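Read through the structure below, which is laid out as structure tokens, and then see the notes.
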Amino acid sequence: MTYYIAPRFLNKLAVHITKNFLDLPGINAPLILGIHGHKGEGKSFQCELVFKRMKVQAIHLSAGELESPDAGDPSRLVRFRYREAADIITKHGKLAVLMINDIDAGAGRVDSGTQYTVNTQLVNATLMNIADNPTNVQLPGSYDSEPLPRVPIIVTGNDFGTLYAPLVRDGRMDKFYWEPNREDRLEIVNGIFTPDGLNRQQIEQLVSKFEGQSIDFFSALRASIYDEQILAFIEKTGFDKIGLKVANSTEKHSFIKPDFRLEHLIEKGEQMVKEQQHIQELRLVAAYNRSLAESNTAQRYGFMPGQPPVSGNGIRQENQGFNAQPPVSKGSPSAEVSRPQNKPQSPTATLDPDAVQQIRQLMSQGYPIGIEHVDRRRFRTGSWQSCGCIQTGNESEAIAALNSCLANFAGEYVRLFGVDGNKRRVMETIIQRPDS
């Protein structure tokens with residue numbers, strides 16, 4: 001398979017690696033290169049292709065290794081892997097780098113529900129210290145007076161805003177935002193399907209058909225084409241005998257070339273897109289959390305889920321929701337305010353009544369309210385962005401903040417949710433759709 005390396009990616013990575021091995025007068029090159037961008041766009045794979053082309057030996061460290069039940073283990077591991085790469089440079093005279101994939105998943109704080117542990121703090125501090133003193137990286141309990149060669153560090157991730165800010169500052173980390181343009185996308189997809197006989201025009205049609213999908217989508221699409229043959233192979237062998245046929249077997253299995261016609265690829269791709277949409281639209285966790293929240297509210301106020309609450313005089317307040325207020329007598333000072341015909345235009349006028357009701361329910365239960373937005377393209381991949389958090393106890397202020405977000409992102413999806421005491425989302429609901 002002929003893989004394509006995007007020139008921008010190749011140039012950026014090659015310059016960073018080479019610069020760290022050169023003694024430039026008066027220049028202190030950043031030791032860390034942070035490659036960030038949306039998920040599934042091939043950041044790690046492009047790095048591997050560049051390493052192979054430049055004959056660079058990469059020492060890998062995964063995000064899962066940046067946490068441990070024993071405090072200090074991950075930071076020691078970072079130092080150990082760094083020195084391992086330095087030994088390759090010293091003893092074998094080869095280029096070597098330390099590669100940390102998905103660093104934001106292991107050392108970042110995604111939201112208020114992510115714990116910031118001692119290990120997270122120590123990993124950030126260790127990387128900062130190595131970036132500042134790349135030739136003096138010691139292991140705990142020992143000291144080596146011999147200076148180490150500089151080892152460039154490459155980190156990938158989706159959102160570096162979740163990392164400790166001093167780590168990503170200029171001077172320590174050089175940042176590179178990777179988002180393939182259309183030409184990059186066409187060339188990469190063409191490399192994926194080169195063995196299958198698709199011409200340039202068909203590649204363009206395929207990419208245009210699934211505009212907005214990540215690079216990984218097309219790799220998964222190619223892999224799914226073999227599913228039909230594999231299923232036929234399983235049925236022919238027998239579901240109860242397939243283990244003996246494929247596990248620890250020296251027998252090799254060959255398959256005929258599957259149907260890679262453009263029409264078949266589009267059909268398979270549409271099935272994959274439907275599965276993506278099911279995940280986005282079904283959102284069973286939100287439904288379960290909503291049911292849990294309603295159950296908690298029922299226990300709190302003494303009524304059954306699905307029934308309106310009971311007022312002080314024993315009459316159920318229909319169409320009032322969970323935040324129903326007792327009736328106001330004509331003699332009270334607020335009587336005029338409570339009459340709909342005399343009520344001035346409020347911020348709720350531009351909001352859907354269900355959204356207003358949800359804000360009232362969340363506020364009545366004391367939940368902070370989060371707001372997120374996403375455009376049409378990012379909606380398919382679930383790349384939501386925060387629009388702020390409402391923590392006021394004033395309903396008008398909360399509604400005004402939500403109105404402001406809706407106005408700023410009028411052509412995008414907007415959703416709101418509450419955050420309970422266990423840092424979990426509750427009652428997550430999309431309240432604005434661009435096609436509605």
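Identifiers for the structure tokens are assigned positionally: chains receive A, B, ... in sequence, residues are indexed from 1 per chain, and ligands are indexed from 1 in the order shown.
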Write out as a JSON list (two decimals) with N, CA and C atoms, in the first residue's frame each polymer residue whose atoms come within 8 Å of Val414 in chain A, counting only C-alpha atoms; drop sequence neighbours fewer than 5 positions from it.
```json
[["chain", "number", "residue", "atom", "x", "y", "z"],
["A", 371, "ILE", "N", -23.20, 24.59, 28.78],
["A", 371, "ILE", "CA", -23.71, 24.81, 27.42],
["A", 371, "ILE", "C", -22.58, 24.48, 26.45],
["A", 372, "GLU", "N", -22.90, 23.74, 25.39],
["A", 372, "GLU", "CA", -21.92, 23.39, 24.37],
["A", 372, "GLU", "C", -22.51, 23.64, 22.98],
["A", 373, "HIS", "N", -21.62, 23.88, 22.02],
["A", 373, "HIS", "CA", -22.06, 24.12, 20.64],
["A", 373, "HIS", "C", -21.15, 23.36, 19.68],
["A", 374, "VAL", "N", -21.65, 23.11, 18.47],
["A", 374, "VAL", "CA", -20.86, 22.43, 17.45],
["A", 374, "VAL", "C", -21.49, 22.72, 16.09],
["A", 406, "LEU", "N", -27.02, 31.11, 22.07],
["A", 406, "LEU", "CA", -27.82, 30.78, 20.90],
["A", 406, "LEU", "C", -27.65, 31.81, 19.80],
["A", 409, "PHE", "N", -24.13, 31.48, 18.13],
["A", 409, "PHE", "CA", -23.96, 30.26, 17.32],
["A", 409, "PHE", "C", -25.30, 29.86, 16.72],
["A", 430, "ILE", "N", -30.22, 18.50, 23.31],
["A", 430, "ILE", "CA", -29.94, 19.45, 22.23],
["A", 430, "ILE", "C", -31.13, 20.39, 22.11],
["A", 431, "ILE", "N", -30.91, 21.69, 22.28],
["A", 431, "ILE", "CA", -32.01, 22.65, 22.28],
["A", 431, "ILE", "C", -32.03, 23.51, 21.00],
["A", 432, "GLN", "N", -31.01, 23.38, 20.16],
["A", 432, "GLN", "CA", -31.01, 24.12, 18.89],
["A", 432, "GLN", "C", -30.35, 23.26, 17.82],
["A", 433, "ARG", "N", -31.02, 23.17, 16.69],
["A", 433, "ARG", "CA", -30.48, 22.47, 15.52],
["A", 433, "ARG", "C", -30.51, 23.42, 14.35]]
```
Quick one: residues within 9 Å of Ala85 in chain A, only C-alpha atoms, excluding same-chain residues fewer than 4 positions away - as a list of chain:residue names? A:Gln57, A:Ala58, A:Ile59, A:Phe80, A:Arg81, A:Ile89, A:Thr90, A:Leu95, A:Ala96, A:Val97, A:Leu98, A:Val151
Among listed residues A:Pro195, A:Gly370, A:Pro7, A:Pro25, nearest Trp178 in chain A (using only C-alpha atoms): A:Pro7
Quick check, in Å to one decimal: how far apart do CA of Arg380 in chain A and CA of Gly40 in chain A lie?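 It comes out at 12.4 Å.
Among the candidate residues A:Phe210, A:Phe239, A:Tyr164, A:Tyr413, the one lying nearest to Gln271 in chain A is A:Phe210, with distances computed using only C-alpha atoms.
Among A:Tyr4, A:Trp384, A:Phe417, A:Tyr367, the residue with the shortest atom-to-atom distance to Asp184 in chain A, counting only C-alpha atoms, is A:Tyr4.
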May I have the residues within 10 Å of Gln213 in chain A as a PyMOL selection string, using only C-alpha atoms and disregarding those fewer than 2 positions away in the same chain? chain A and resi 40-41+207-211+215-218+273+377-378+380-381
Rank nothing, just name the residue among A:Ile17, A:Leu402, A:Ala6, A:Leu66 nearest to Ile103 in chain A, using only C-alpha atoms.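 Of A:Ile17, A:Leu402, A:Ala6, A:Leu66, the one nearest Ile103 in chain A, counting only C-alpha atoms, is A:Leu66.
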